[in-house]
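Written out below as structure tokens is the structure these notes cover.
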Amino acid sequence: MPRIARPTVRRCPWKKDRWIVDGLRDDQGRRFRKFFETRDGAKTWLANHREKSLVEGRAGLSFTDAQRADARRALVELASFKAASLTDAARHFAEFLRRTERTIPVTELVGMFLKAKAADGRSPRYLADLRSRLGTFRDAFGQKLTAAVSTRDLDDWLRGLPVGPQSRVNYRRVLHALFNFAVAREFARDNPVARTERPKVFAKEPGFLTPTQMRRLLANADEKLRPSLAIGAFAGLRPAEVRRLTWDAVNLEERLISVSAKASKTASRRLVPICDNLIAWLMRAPKRTGPVLPLSIANERDLALAAREAAGIKQWPVDALRHSWVTYRFALTGDAARTAAEAGHDQAVLHRHYRALASKTEAEKWFAIVPGEAPAEAGGFWRETAASMRG
């Protein structure tokens, strides 16, 4: 066993006006030196250091057998981590205890978060999405303490979900909001979701209908459904916005549709212009009071499916009517700011997803679809409307 040198005071070999206390070791056994301006200063510090070592040594003698055994086991556990000392381990664990002292299980956190969002007046659709995604998360982590959920836990869980990249992004977004809530309530020190890997999502071009498909769809739609289809296709309202829309928000004289903040997805009011062909469709609505769409969601779905089938539309793009309107409106006007304002989203989304998808000629055909312009296979509604317009 090598001899451990006792600390000594000596003159610094490379600086004659400095003194060194040499032969010192820290708590982890690493050698270090202390430098002083005078020999007396070095001797005084060394004397204090020896007294401190004696005091700490006497304190160590007061340990019980159980405490000494506990320390030995802890040192064995840390032996493979050269840079870690027993003090480091104790400090780390003490910090963990402080962090988890006020925390709650994940299942309680999810319940509190959902109640808070409902109290904040969030939309039923948003709350349903939260309940679905957080329900899956709660099934996996329900009894784990919130503060003990790590970034690695979340990364592994998100990668293990049987979903695509975009769905993983959506789960990650919901979890980020959940743990922000936990940090604000002091149930967690930081947000572990912030350091998780974000999957790469390749943007897909939005699907949209052709003018011919839209003519056929309107030709075969039930009269109760037709105004809502026309508003979605020629004013670009979102499906949820159309379902909340009432006729008193449709001003045919000023040719504006008022989308209230409560009805809007972005919680901000906007005015959408009513174009020429949409006026023609709305003027022929069977009833212009109450809801624009006077149907239950189930009846709406059944009538919409029947209209699509009769129109020969085998593949219905996601949010087809709104995407069609944005595509053709942008192609017609070439004005990103105006189209974005009318659509209720920012210009970056417009340029990223809708630029150069359709020609201006196709856009003109889209906004020329009127009740009197019957396709060859048109039904009785088209013939009656065309006759009334001629009369």
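Every chain in the structure tokens has a letter given in the order shown (A, B, ...), and although residue numbers restart at 1 in each chain, ligands are simply numbered from 1 in the order shown.
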
Note to self: Could you list, as an MDAnalysis selection string, every residue within 10 Å of Ser150 in chain A, counting only C-alpha atoms and ignoring same-chain residues fewer than 6 positions away?
What the structure shows: chainID A and resid 191:193 195:196

Output C-alpha atoms of each residue in that selection to a file, as a compact mmCIF listing (two decimals), in the first residue's frame.
# COMPACT_ATOMS: atom_id res chain seq x y z
CA ASN A 191 -40.95 20.01 -18.01
CA PRO A 192 -39.39 16.71 -19.17
CA VAL A 193 -41.31 16.85 -22.45
CA ARG A 195 -36.19 17.60 -24.04
CA THR A 196 -37.94 14.73 -25.84

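Among A:His176, A:Arg238, A:Arg270, A:Lys360, the residue with the shortest atom-to-atom distance to Ala194 in chain A, counting only C-alpha atoms, is A:His176.
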
DSSP on the backbone, strand (DSSP E or B) only: what residues of range 205-317 of chain A does that give? Format it as a compact mmCIF listing (two decimals) with N, CA and C atoms, in the first residue's frame.
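The result, written out as states09.txt:
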# COMPACT_ATOMS: atom_id res chain seq x y z
N THR A 246 -75.26 30.29 -37.12
CA THR A 246 -76.70 30.54 -37.22
C THR A 246 -76.94 31.59 -38.31
N VAL A 250 -75.23 35.46 -40.86
CA VAL A 250 -75.04 35.49 -42.31
C VAL A 250 -75.76 36.73 -42.84
N ASN A 251 -75.02 37.75 -43.17
CA ASN A 251 -75.58 39.02 -43.64
C ASN A 251 -75.52 39.05 -45.16
N LEU A 256 -71.49 39.32 -45.87
CA LEU A 256 -70.46 38.94 -44.90
C LEU A 256 -71.00 37.84 -43.98
N ILE A 257 -70.13 36.91 -43.63
CA ILE A 257 -70.43 35.91 -42.60
C ILE A 257 -69.57 36.25 -41.40
N SER A 258 -70.19 36.41 -40.25
CA SER A 258 -69.47 36.73 -39.02
C SER A 258 -69.22 35.45 -38.24
N VAL A 259 -67.95 35.10 -38.12
CA VAL A 259 -67.56 33.93 -37.32
C VAL A 259 -67.15 34.45 -35.95
N ARG A 270 -63.77 36.82 -36.88
CA ARG A 270 -63.36 37.23 -38.22
C ARG A 270 -64.60 37.36 -39.12
N LEU A 271 -64.45 38.17 -40.15
CA LEU A 271 -65.51 38.36 -41.13
C LEU A 271 -65.07 37.73 -42.44
N VAL A 272 -65.95 36.90 -43.01
CA VAL A 272 -65.63 36.21 -44.26
C VAL A 272 -66.58 36.72 -45.34
N PRO A 273 -66.04 37.16 -46.48
CA PRO A 273 -66.91 37.68 -47.54
C PRO A 273 -67.73 36.57 -48.21
N PRO A 291 -80.23 27.50 -36.87
CA PRO A 291 -78.93 26.98 -37.32
C PRO A 291 -78.87 26.84 -38.83

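Our summary of the geometry notes that CA of Leu178 in chain A is positioned 6.7 Å from CA of Phe113 in chain A.
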
Item checked: Non-local contacts of Tyr328 in chain A (12 Å; only C-alpha atoms; under 6 positions in same chain excluded) as a count of residues only -> 31

Next item on the list: Output as a PyMOL selection string all residues of range 154-199 of chain A that backbone DSSP marks as alpha helix (DSSP H).
Entry: chain A and resi 154-160+165-184

Dump as a short mmCIF file (atom, residue, chain, number, x, y, z; two decimals), in the first residue's frame, selection limited to C-alpha atoms:
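So the final result, stored in result.cif, reads:
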data_model
loop_
_atom_site.label_atom_id
_atom_site.label_comp_id
_atom_site.auth_asym_id
_atom_site.auth_seq_id
_atom_site.Cartn_x
_atom_site.Cartn_y
_atom_site.Cartn_z
CA LEU A 154 -41.49 9.86 -22.20
CA ASP A 155 -39.23 9.31 -25.21
CA ASP A 156 -39.56 5.53 -24.85
CA TRP A 157 -43.34 5.75 -24.41
CA LEU A 158 -43.88 8.07 -27.37
CA ARG A 159 -41.74 5.92 -29.66
CA GLY A 160 -43.68 2.83 -28.56
CA PRO A 165 -45.20 10.71 -36.76
CA GLN A 166 -47.97 13.32 -36.83
CA SER A 167 -49.94 11.54 -34.11
CA ARG A 168 -46.77 11.35 -32.02
CA VAL A 169 -46.36 15.11 -32.44
CA ASN A 170 -49.96 15.56 -31.26
CA TYR A 171 -49.38 13.37 -28.18
CA ARG A 172 -46.17 15.27 -27.43
CA ARG A 173 -48.02 18.59 -27.68
CA VAL A 174 -50.67 17.46 -25.18
CA LEU A 175 -48.05 16.11 -22.77
CA HIS A 176 -46.10 19.38 -23.00
CA ALA A 177 -49.21 21.27 -21.89
CA LEU A 178 -49.81 18.76 -19.07
CA PHE A 179 -46.31 19.11 -17.62
CA ASN A 180 -46.33 22.89 -18.01
CA PHE A 181 -49.40 22.76 -15.79
CA ALA A 182 -47.48 20.53 -13.35
CA VAL A 183 -44.57 22.98 -13.19
CA ALA A 184 -46.94 25.91 -12.60
#

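Here CA of Leu293 in chain A stands at a distance of 8.8 Å from CA of Arg226 in chain A.
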
As a PDB file with N, CA and C atoms, in the first residue's frame, please: the residues near range 12-23 of chain A (cut-off 7 Å, only C-alpha atoms, same-chain neighbours under 2 positions excluded).
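Resulting contents of out_37.pdb:
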ATOM      1  N   ALA A   5       1.520  10.921   1.712  1.00  0.00           N
ATOM      2  CA  ALA A   5       2.353  12.013   2.230  1.00  0.00           C
ATOM      3  C   ALA A   5       1.535  12.933   3.121  1.00  0.00           C
ATOM      4  N   ARG A   6       2.194  13.411   4.193  1.00  0.00           N
ATOM      5  CA  ARG A   6       1.544  14.368   5.076  1.00  0.00           C
ATOM      6  C   ARG A   6       1.642  15.760   4.451  1.00  0.00           C
ATOM      7  N   PRO A   7       0.619  16.600   4.631  1.00  0.00           N
ATOM      8  CA  PRO A   7       0.678  17.958   4.084  1.00  0.00           C
ATOM      9  C   PRO A   7       1.840  18.746   4.694  1.00  0.00           C
ATOM     10  N   THR A   8       2.552  19.489   3.848  1.00  0.00           N
ATOM     11  CA  THR A   8       3.688  20.298   4.297  1.00  0.00           C
ATOM     12  C   THR A   8       3.653  21.662   3.631  1.00  0.00           C
ATOM     13  N   VAL A   9       4.361  22.616   4.274  1.00  0.00           N
ATOM     14  CA  VAL A   9       4.490  23.963   3.721  1.00  0.00           C
ATOM     15  C   VAL A   9       5.870  24.093   3.109  1.00  0.00           C
ATOM     16  N   ARG A  10       5.940  24.590   1.871  1.00  0.00           N
ATOM     17  CA  ARG A  10       7.242  24.800   1.225  1.00  0.00           C
ATOM     18  C   ARG A  10       7.157  25.978   0.261  1.00  0.00           C
ATOM     19  N   ARG A  25      -5.284  16.237   0.053  1.00  0.00           N
ATOM     20  CA  ARG A  25      -6.229  15.412  -0.708  1.00  0.00           C
ATOM     21  C   ARG A  25      -7.654  15.838  -0.365  1.00  0.00           C
ATOM     22  N   ARG A  31      -5.457  14.652  -5.251  1.00  0.00           N
ATOM     23  CA  ARG A  31      -4.440  15.572  -4.740  1.00  0.00           C
ATOM     24  C   ARG A  31      -4.742  17.000  -5.184  1.00  0.00           C
ATOM     25  N   ARG A  33      -3.342  21.438  -4.241  1.00  0.00           N
ATOM     26  CA  ARG A  33      -2.427  22.341  -3.555  1.00  0.00           C
ATOM     27  C   ARG A  33      -3.147  23.634  -3.216  1.00  0.00           C
ATOM     28  N   LYS A  34      -2.579  24.331  -2.222  1.00  0.00           N
ATOM     29  CA  LYS A  34      -3.063  25.659  -1.867  1.00  0.00           C
ATOM     30  C   LYS A  34      -1.876  26.628  -1.922  1.00  0.00           C
ATOM     31  N   PHE A  35      -2.080  27.810  -2.465  1.00  0.00           N
ATOM     32  CA  PHE A  35      -1.008  28.801  -2.634  1.00  0.00           C
ATOM     33  C   PHE A  35      -1.264  30.011  -1.731  1.00  0.00           C
ATOM     34  N   PHE A  36      -0.184  30.557  -1.166  1.00  0.00           N
ATOM     35  CA  PHE A  36      -0.285  31.689  -0.230  1.00  0.00           C
ATOM     36  C   PHE A  36       0.831  32.699  -0.512  1.00  0.00           C
ATOM     37  N   GLU A  37       0.548  33.938  -0.086  1.00  0.00           N
ATOM     38  CA  GLU A  37       1.533  35.011  -0.275  1.00  0.00           C
ATOM     39  C   GLU A  37       2.669  34.929   0.735  1.00  0.00           C
ATOM     40  N   THR A  38       2.384  34.408   1.958  1.00  0.00           N
ATOM     41  CA  THR A  38       3.404  34.346   3.014  1.00  0.00           C
ATOM     42  C   THR A  38       3.462  32.953   3.618  1.00  0.00           C
ATOM     43  N   ARG A  39       4.614  32.687   4.262  1.00  0.00           N
ATOM     44  CA  ARG A  39       4.776  31.392   4.931  1.00  0.00           C
ATOM     45  C   ARG A  39       3.842  31.286   6.130  1.00  0.00           C
ATOM     46  N   ALA A  42       0.354  30.362   5.060  1.00  0.00           N
ATOM     47  CA  ALA A  42       0.258  28.948   4.702  1.00  0.00           C
ATOM     48  C   ALA A  42       0.187  28.073   5.948  1.00  0.00           C
TER      49      ALA A  42
END

Notebook entry, point to check: Which of these residues is nearest to Ala280 in chain A, using only C-alpha atoms: A:Leu295, A:Ala188, A:Asp222, A:Pro227?
Noted result: A:Pro227

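You can rank A:Ala343, A:Thr103, A:Val242, A:Asp153 by their closest distance to Trp325 in chain A using only C-alpha atoms, and at the top of that list sits A:Ala343.
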
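Closest approach to Leu305 in chain A among A:Ala140, A:Leu217, A:Ile274, A:Val149: A:Leu217, based on only C-alpha atoms.
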
Next item on the list: Take CA of Leu109 in chain A and CA of Ala89 in chain A and report the distance between them in Å, one decimal.
Entry: 29.1 Å
